[in-house]
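See below for the structure under consideration.
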Amino acid sequence: MKKGIIIYFSGTGNTAFLSSLIKERLENENLYEIELFSISKDSKIIDLSSFDLIIFSYPIYAFNAPIIFDKYIKKLNFFNNKKYYILKQSGESLSLNNSSSSYLKKRLKKSKVKIDGEYHFLLPYNIHFRYDDEFVKELYFYNQKLLDIFIYELKNNIVRKIKSNPLIYLNSKIFKIQRLGGPLNSYFYKVDYSKCIRCNRCVNECPINNIVIKNNKYKFKNKCIMCMRCSFNCPKDAINIGMLNGWRVNGGYDYKRIINDSNIRGEYLKEHNKGFYKIFKKIIKENDEKYNEYFSQK
C-alpha cells in the first residue's frame, strides 16, 4: 500500500480529531497507509521523500494558520511526484478564511510543487462560545460528506481550489497582528488556586512550553500562540485567559458520545438559521450539491 502522512497542529483537539477521521477513511478505502504527525515546538523535521501523499491540516486562527504551523512548514523540503493536500478547519465558514494557507502555498510554489486540493472543514469553537451538541453533530455530518467528496476527488484526480482575492489576502495579513496579541496577553493569564488541583496538565501539554512552575506557582511566559489548550482542557476551569477571559470555553467536546447518541439529531440549523448561524447556509448548500453530483446516482 502507498504511504501517506498527515502533518497537523491541533490546539485543543479538533484538528487531531479531524486528522484521525481522514486517516481512518483513507485506510478503510485501502488507498494509503497513513502516519499522523503532530507539530509541537520540539518536533523533528519529517523527510517527505518517503511519502506518496502529504496532507497538511491546521485550525484557522484569526484568518491565518497558527504561527507554530507556518514555522514548521518553513523547515520542510518538498518533492515533486507527490500528492499534496490542505485540509484545514475552523468554527465558521466565512470567506475571510480563504487565504489562511497563503504561506504554505508560497512555500509549495517556490519548490515548484502543485497542490492537488484544499478543503475547509467545520468544527466547534474552542473560544468565543461553546457549540450546542446538536450543532456539533450537524457539523460532523457536514464533515463526513466533505470527506466523501475529498476521497472521490483524490481518486479521480480532481483538483479542488478555494477561491480568494486580494482583499481577503490583505485581511489575512492584517489579522496576523493576532500573533502579537498572544505574547502580550500572556502577561495577564492567571490561575485560580482555589480551583487548581496541581495536575500540571497545562504545563505538560502546552505545545510551546510557555507555562512553567516557579516557587510552586504557575507562570506564563511571553510566547503564547493562543491555542487555548491550557484553559480549554483544564479539568477545574482554573485558568483565566486575561483580556480574552470573557470568551473562555472550558472542556472538550465529547465527539464519541455526541455522534453515537441517537437523541441528538444533528439538525440545529433548522431552528437556528439567523444571525451568526446564517453564515453556514451557503457552504452547507454547496457541499450538499457537490455531494449529490458525485453520489446521487450511486
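For the C-alpha cells, the naming scheme is as follows: chains receive sequential letters (A, B, ...) according to their order of presentation, residues are indexed from 1 within each chain, and ligands are indexed from 1 in presentation order.
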
Going by DSSP on the backbone, which residues of segment 73-265 of chain A come out as strand (DSSP E or B)? List them as an MDAnalysis selection string. chainID A and resid 83:90 117:122 127 160 189:191 211:214 217:220 239:241 248

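Residues surrounding segment 194-198 of chain A within 9 Å are A:Cys234, A:Pro235, A:Lys236, A:Asp237, A:Ala238, A:Ile239 [only C-alpha atoms; sequence separation below 4 positions excluded].
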
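Shortest atom-to-atom contact with Ile149 of chain A among A:Tyr189, A:Ile168, A:Val136, A:His120: A:His120, counting only C-alpha atoms.
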
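From atom CA of Cys206 of chain A back to atom CA of Phe78 of chain A, the distance works out to 28.3 Å.
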
Can you pull out the residues contacting segment 253-260 of chain A? Cut-off 10 Å, using only C-alpha atoms, and skip same-chain residues under 2 positions away; I want them as a PyMOL selection string. chain A and resi 12-14+17+124-126+130-138+140-141+250-251+262-266

Could you turn the residues from that selection into a file that holds N, CA and C atoms, as a compact mmCIF listing (two decimals), in the first residue's frame?
# COMPACT_ATOMS: atom_id res chain seq x y z
N THR A 12 -6.63 22.36 20.70
CA THR A 12 -7.47 21.75 21.74
C THR A 12 -8.04 20.39 21.35
N GLY A 13 -7.67 19.88 20.18
CA GLY A 13 -8.08 18.53 19.82
C GLY A 13 -8.96 18.43 18.60
N ASN A 14 -9.51 19.54 18.11
CA ASN A 14 -10.38 19.48 16.94
C ASN A 14 -9.64 18.97 15.70
N PHE A 17 -8.78 15.36 15.97
CA PHE A 17 -9.97 14.55 15.69
C PHE A 17 -10.19 14.45 14.18
N PRO A 124 -16.27 22.75 16.07
CA PRO A 124 -16.75 23.74 17.03
C PRO A 124 -15.66 24.64 17.61
N TYR A 125 -16.11 25.80 18.04
CA TYR A 125 -15.21 26.79 18.64
C TYR A 125 -14.57 26.26 19.93
N ASN A 126 -13.32 26.68 20.14
CA ASN A 126 -12.68 26.48 21.44
C ASN A 126 -12.48 27.83 22.14
N ARG A 130 -19.37 28.11 23.49
CA ARG A 130 -19.46 26.67 23.27
C ARG A 130 -20.58 26.36 22.29
N TYR A 131 -20.32 25.44 21.37
CA TYR A 131 -21.35 24.99 20.44
C TYR A 131 -22.25 23.95 21.11
N ASP A 132 -23.53 24.04 20.81
CA ASP A 132 -24.50 23.06 21.28
C ASP A 132 -24.20 21.69 20.66
N ASP A 133 -24.44 20.62 21.42
CA ASP A 133 -24.17 19.27 20.92
C ASP A 133 -24.91 18.99 19.61
N GLU A 134 -26.11 19.53 19.49
CA GLU A 134 -26.90 19.34 18.27
C GLU A 134 -26.18 19.93 17.06
N PHE A 135 -25.54 21.08 17.26
CA PHE A 135 -24.81 21.73 16.18
C PHE A 135 -23.50 21.00 15.89
N VAL A 136 -22.83 20.51 16.95
CA VAL A 136 -21.60 19.75 16.77
C VAL A 136 -21.87 18.53 15.89
N LYS A 137 -22.98 17.85 16.14
CA LYS A 137 -23.31 16.67 15.35
C LYS A 137 -23.64 17.04 13.91
N GLU A 138 -24.31 18.16 13.72
CA GLU A 138 -24.62 18.60 12.36
C GLU A 138 -23.34 18.92 11.58
N TYR A 140 -20.51 17.51 12.15
CA TYR A 140 -19.92 16.19 11.90
C TYR A 140 -20.49 15.58 10.62
N PHE A 141 -21.80 15.70 10.42
CA PHE A 141 -22.41 15.19 9.19
C PHE A 141 -21.87 15.93 7.97
N ASN A 250 -14.39 26.17 28.31
CA ASN A 250 -13.67 25.14 29.06
C ASN A 250 -14.31 23.78 28.85
N GLY A 251 -13.48 22.78 28.57
CA GLY A 251 -13.97 21.41 28.45
C GLY A 251 -14.10 20.97 27.00
N SER A 262 -28.41 8.80 19.72
CA SER A 262 -29.50 8.93 18.73
C SER A 262 -30.49 10.03 19.09
N ASN A 263 -30.47 10.49 20.35
CA ASN A 263 -31.36 11.58 20.74
C ASN A 263 -30.85 12.94 20.25
N ILE A 264 -29.58 13.00 19.86
CA ILE A 264 -29.02 14.22 19.27
C ILE A 264 -29.16 14.09 17.76
N ARG A 265 -30.08 14.85 17.17
CA ARG A 265 -30.45 14.65 15.77
C ARG A 265 -29.44 15.24 14.78
N GLY A 266 -28.78 16.31 15.18
CA GLY A 266 -27.89 16.97 14.24
C GLY A 266 -28.62 17.83 13.23

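Shortest separation to Asn216 of chain A among A:Lys176, A:Glu92, A:Tyr193, A:Arg201 occurs at residue A:Tyr193, atoms counted being only C-alpha atoms.
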
Using only C-alpha atoms, which residue out of A:Ile127, A:Leu48, A:Ile73, A:Leu122 lies closest to Leu108 of chain A? A:Ile73

Shortest contact to Glu153 of chain A, candidates A:Tyr103, A:Phe79, A:Phe121, A:Tyr85, atoms counted only C-alpha atoms, goes to A:Tyr85

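Residue nearest Leu167 of chain A within the list A:Asn209, A:Ser99, A:Asp52, A:Glu118: A:Ser99 [criterion: smallest interatomic distance, only C-alpha atoms].
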
Could you please write out, as a ChimeraX atom specification, every residue of segment 84-181 of chain A that DSSP assigns to helix (DSSP H, G or I)? /A:95-97,102-110,133-155,166-181

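Atom CA of Asn97 of chain A is positioned 22.2 Å from atom CA of Ile158 of chain A.
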
Tell me, as a PyMOL selection string, which residues lie within 12 Å of Leu170 of chain A, counting only C-alpha atoms; anything in the same chain fewer than 6 positions away does not count. chain A and resi 63-64+96-100+102+164+176

With N, CA and C atoms kept, could you save the residues just selected as a compact mmCIF listing (two decimals), in the first residue's frame?
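Listed below is the output, again32.txt:
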# COMPACT_ATOMS: atom_id res chain seq x y z
N PHE A 63 -8.07 34.07 10.78
CA PHE A 63 -7.97 34.02 9.32
C PHE A 63 -6.58 33.63 8.82
N ASN A 64 -5.78 33.01 9.68
CA ASN A 64 -4.44 32.57 9.31
C ASN A 64 -4.17 31.19 9.90
N LEU A 96 -13.48 34.97 4.57
CA LEU A 96 -12.26 35.62 5.04
C LEU A 96 -11.21 34.59 5.47
N ASN A 97 -11.62 33.35 5.66
CA ASN A 97 -10.67 32.27 5.98
C ASN A 97 -9.93 31.74 4.76
N ASN A 98 -10.34 32.17 3.57
CA ASN A 98 -9.86 31.51 2.35
C ASN A 98 -8.38 31.69 2.06
N SER A 99 -7.75 32.73 2.62
CA SER A 99 -6.33 32.97 2.37
C SER A 99 -5.45 32.46 3.51
N SER A 100 -6.01 31.67 4.39
CA SER A 100 -5.24 31.24 5.58
C SER A 100 -4.04 30.37 5.23
N SER A 102 -1.96 30.89 2.75
CA SER A 102 -1.13 31.63 1.80
C SER A 102 0.36 31.34 1.96
N SER A 164 -9.87 32.87 -3.46
CA SER A 164 -9.51 34.01 -2.65
C SER A 164 -9.40 35.23 -3.57
N LYS A 176 -2.83 39.06 11.09
CA LYS A 176 -1.66 38.41 11.67
C LYS A 176 -1.18 39.14 12.92

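Atom CA of Tyr294 of chain A to atom CA of Asn156 of chain A spans 11.0 Å [interatomic distance, one decimal].
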
One residue among A:Asp116, A:Asp288, A:Asp261, A:Glu24 is nearest to Ile162 of chain A when using only C-alpha atoms, and that residue is A:Asp116
